[in-house]
Structure formats: C-alpha cells, structure tokens
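File shown: work15.cif. Contents: mmCIF, C-alpha atoms.
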data_my_file
loop_
_atom_site.group_PDB
_atom_site.id
_atom_site.type_symbol
_atom_site.label_atom_id
_atom_site.label_comp_id
_atom_site.auth_asym_id
_atom_site.auth_seq_id
_atom_site.Cartn_x
_atom_site.Cartn_y
_atom_site.Cartn_z
ATOM 1 C CA MET N 188 8.090 15.971 6.531
ATOM 2 C CA GLY N 189 6.113 18.564 4.638
ATOM 3 C CA GLU N 190 2.359 18.921 4.620
ATOM 4 C CA THR N 191 2.256 17.779 0.986
ATOM 5 C CA MET N 192 3.807 14.412 1.823
ATOM 6 C CA LYS N 193 1.319 13.865 4.660
ATOM 7 C CA THR N 194 -1.433 14.358 2.109
ATOM 8 C CA ILE N 195 0.137 12.233 -0.615
ATOM 9 C CA TYR N 196 0.721 9.045 1.421
ATOM 10 C CA PRO N 197 -2.962 8.299 2.187
ATOM 11 C CA ILE N 198 -3.910 8.965 -1.433
ATOM 12 C CA MET N 199 -1.137 6.618 -2.583
ATOM 13 C CA GLY N 200 -2.528 4.023 -0.171
ATOM 14 C CA ILE N 201 -6.017 4.357 -1.618
ATOM 15 C CA MET N 202 -4.624 3.995 -5.134
ATOM 16 C CA THR N 203 -2.611 0.931 -4.099
ATOM 17 C CA VAL N 204 -5.688 -0.701 -2.559
ATOM 18 C CA ALA N 205 -7.629 0.095 -5.747
ATOM 19 C CA LEU N 206 -4.971 -1.564 -7.905
ATOM 20 C CA ILE N 207 -4.691 -4.647 -5.681
ATOM 21 C CA LEU N 208 -8.479 -5.044 -5.587
ATOM 22 C CA LEU N 209 -8.623 -4.642 -9.369
ATOM 23 C CA LEU N 210 -6.030 -7.390 -9.825
ATOM 24 C CA VAL N 211 -7.769 -9.722 -7.351
ATOM 25 C CA LEU N 212 -11.202 -9.156 -8.885
ATOM 26 C CA SER N 213 -9.810 -9.655 -12.398
ATOM 27 C CA TYR N 214 -8.239 -12.920 -11.271
ATOM 28 C CA LEU N 215 -11.572 -14.041 -9.798
ATOM 29 C CA LEU N 216 -13.387 -13.015 -12.949
ATOM 30 C CA PHE N 217 -11.138 -14.940 -15.342
ATOM 31 C CA THR N 218 -10.523 -18.030 -13.176
ATOM 32 C CA VAL N 219 -13.899 -18.546 -11.512
ATOM 33 C CA ILE N 220 -16.671 -16.698 -13.329
ATOM 34 C CA VAL N 221 -15.711 -17.037 -17.009
ATOM 35 C CA PRO N 222 -15.173 -20.833 -16.998
ATOM 36 C CA LEU N 223 -18.532 -21.557 -15.303
ATOM 37 C CA PRO N 224 -20.324 -24.383 -17.100
ATOM 38 C CA ASP N 225 -23.879 -23.969 -18.368
ATOM 39 C CA LEU N 226 -26.284 -23.814 -15.455
ATOM 40 C CA LEU N 227 -29.566 -25.669 -15.773
ATOM 41 C CA GLY N 228 -28.755 -26.422 -19.400
ATOM 42 C CA GLY N 229 -29.194 -22.861 -20.627
ATOM 43 C CA SER N 230 -26.587 -20.419 -21.776
ATOM 44 C CA LEU N 231 -28.932 -17.470 -21.123
ATOM 45 C CA ILE N 232 -29.211 -18.331 -17.427
ATOM 46 C CA THR N 233 -25.447 -18.815 -17.207
ATOM 47 C CA SER N 234 -24.837 -15.464 -18.884
ATOM 48 C CA LEU N 235 -27.198 -13.715 -16.489
ATOM 49 C CA VAL N 236 -25.511 -15.311 -13.478
ATOM 50 C CA LYS N 237 -22.072 -14.331 -14.769
ATOM 51 C CA ALA N 238 -23.212 -10.753 -15.394
ATOM 52 C CA GLY N 239 -24.832 -10.556 -11.965
ATOM 53 C CA VAL N 240 -21.786 -11.865 -10.109
ATOM 54 C CA SER N 241 -19.508 -9.558 -12.102
ATOM 55 C CA GLY N 242 -21.768 -6.613 -11.264
ATOM 56 C CA VAL N 243 -21.657 -7.472 -7.562
ATOM 57 C CA LEU N 244 -17.850 -7.588 -7.697
ATOM 58 C CA VAL N 245 -17.734 -4.176 -9.367
ATOM 59 C CA LEU N 246 -20.109 -2.731 -6.768
ATOM 60 C CA PHE N 247 -17.915 -4.195 -4.008
ATOM 61 C CA TRP N 248 -14.848 -2.545 -5.572
ATOM 62 C CA VAL N 249 -16.578 0.842 -5.815
ATOM 63 C CA PHE N 250 -17.918 0.529 -2.255
ATOM 64 C CA VAL N 251 -14.474 -0.192 -0.787
ATOM 65 C CA LEU N 252 -12.923 2.745 -2.635
ATOM 66 C CA TRP N 253 -15.775 5.021 -1.573
ATOM 67 C CA GLN N 254 -15.334 4.002 2.077
ATOM 68 C CA LEU N 255 -11.585 4.643 1.922
ATOM 69 C CA THR N 256 -12.185 8.042 0.334
ATOM 70 C CA MET N 257 -14.716 8.986 3.013
ATOM 71 C CA LEU N 258 -12.281 7.896 5.722
ATOM 72 C CA TYR N 259 -9.606 10.090 4.147
ATOM 73 C CA MET N 260 -12.031 13.010 3.894
ATOM 74 C CA LYS N 261 -13.034 12.705 7.556
ATOM 75 C CA ARG N 262 -9.435 12.591 8.721
ATOM 76 C CA ARG N 263 -7.926 15.257 6.452
ATOM 77 C CA VAL N 264 -10.470 17.582 4.904
ATOM 78 C CA TYR N 265 -13.198 17.869 7.509
ATOM 79 C CA LYS N 266 -10.641 18.011 10.319
ATOM 80 C CA THR N 267 -9.116 21.227 8.971
ATOM 81 C CA ARG N 268 -12.441 23.076 8.800
#
Now that the file is in, can you turn its structure into structure tokens?
Amino acid sequence: MGETMKTIYPIMGIMTVALILLLVLSYLLFTVIVPLPDLLGGSLITSLVKAGVSGVLVLFWVFVLWQLTMLYMKRRVYKTR
C-alpha cells in the first residue's frame, strides 16, 4: 500500500465521523429541539433555550472534529518531523 493511501484513510475516517455527527445532530435538532413547547409561557425564553442548545451541539461537533484532527496531526505530521 502506498504512502498516499495511508494518508487518505484517516482523513476519510474524519470526514465520515463528521458526516455521521452532522446527521445525528440534525436529527436531534429537528426531533427534539424544534418541537419544544413554550417554556414558562414565553416564546422568547423558548427561543433562547433552543438557540443555546443548538449552539452547544454545534460546539460539540466542532470540538470532536478538532480533537480528531489533532490526533491525526500528532500521529502523521508531527511524527515525520
């Protein structure tokens, strides 16, 4: 197996994890967060809660991808230097 293929497989794995996480988080967003009823009788409070939870999910997605990228960098890029 060539050196290019050894480099491509981890990147394909990171992209696959990104896609799966995107699908899971989209499912959570549209099945759990969007249909939330009004909290405490106010639509403003409900909107803020929905935006906050959605923001936390996005930050989780970015954090997981960042950790996978750093793991790849430690194993491939920094190892060769």
Open item on the list: With distances taken over all atoms listed in the file, which residue among N:Leu216, N:Val221, N:Met260, N:Leu255 lies nearest N:Met202?
Closed with: N:Leu255
Open item on the list: Nearest residue to N:Ile207 out of N:Leu235, N:Val251, N:Leu227, N:Val240, using all atoms listed in the file?
Closed with: N:Val251
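Nearest to N:Ser241 of all the residues N:Met192, N:Leu226, N:Tyr259, N:Val219 is N:Val219, counting only C-alpha atoms.
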- [ ] Please indicate the distance in Å from atom CA of N:Gln254 to atom CA of N:Ile195, rounded to one decimal place.
- [x] 17.7 Å
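For the file at hand, the PyMOL selection byres ((chain N and resi 236) around 12) resolves to Ile220, Val221, Leu223, Pro224, Asp225, Leu226, Leu227, Gly229, Ser230, Leu231, Ile232, Thr233, Ser234, Leu235, Lys237, Ala238, Gly239, Val240, Ser241, Gly242 and Val243 of chain N.
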Same residues, C-alpha atoms, output as an mmCIF file, in the coordinates of the input:
data_model
loop_
_atom_site.group_PDB
_atom_site.id
_atom_site.type_symbol
_atom_site.label_atom_id
_atom_site.label_comp_id
_atom_site.auth_asym_id
_atom_site.auth_seq_id
_atom_site.Cartn_x
_atom_site.Cartn_y
_atom_site.Cartn_z
ATOM 1 C CA ILE N 220 -16.671 -16.698 -13.329
ATOM 2 C CA VAL N 221 -15.711 -17.037 -17.009
ATOM 3 C CA LEU N 223 -18.532 -21.557 -15.303
ATOM 4 C CA PRO N 224 -20.324 -24.383 -17.100
ATOM 5 C CA ASP N 225 -23.879 -23.969 -18.368
ATOM 6 C CA LEU N 226 -26.284 -23.814 -15.455
ATOM 7 C CA LEU N 227 -29.566 -25.669 -15.773
ATOM 8 C CA GLY N 229 -29.194 -22.861 -20.627
ATOM 9 C CA SER N 230 -26.587 -20.419 -21.776
ATOM 10 C CA LEU N 231 -28.932 -17.470 -21.123
ATOM 11 C CA ILE N 232 -29.211 -18.331 -17.427
ATOM 12 C CA THR N 233 -25.447 -18.815 -17.207
ATOM 13 C CA SER N 234 -24.837 -15.464 -18.884
ATOM 14 C CA LEU N 235 -27.198 -13.715 -16.489
ATOM 15 C CA LYS N 237 -22.072 -14.331 -14.769
ATOM 16 C CA ALA N 238 -23.212 -10.753 -15.394
ATOM 17 C CA GLY N 239 -24.832 -10.556 -11.965
ATOM 18 C CA VAL N 240 -21.786 -11.865 -10.109
ATOM 19 C CA SER N 241 -19.508 -9.558 -12.102
ATOM 20 C CA GLY N 242 -21.768 -6.613 -11.264
ATOM 21 C CA VAL N 243 -21.657 -7.472 -7.562
#
- [ ] Find the distance between atom CA of N:Leu209 and atom CA of N:Arg262 and write it in Å to one decimal.
- [x] 25.0 Å
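For the atom pair formed by atom CA of N:Thr256 and atom CA of N:Leu210, the distance is 19.5 Å, given to one decimal.
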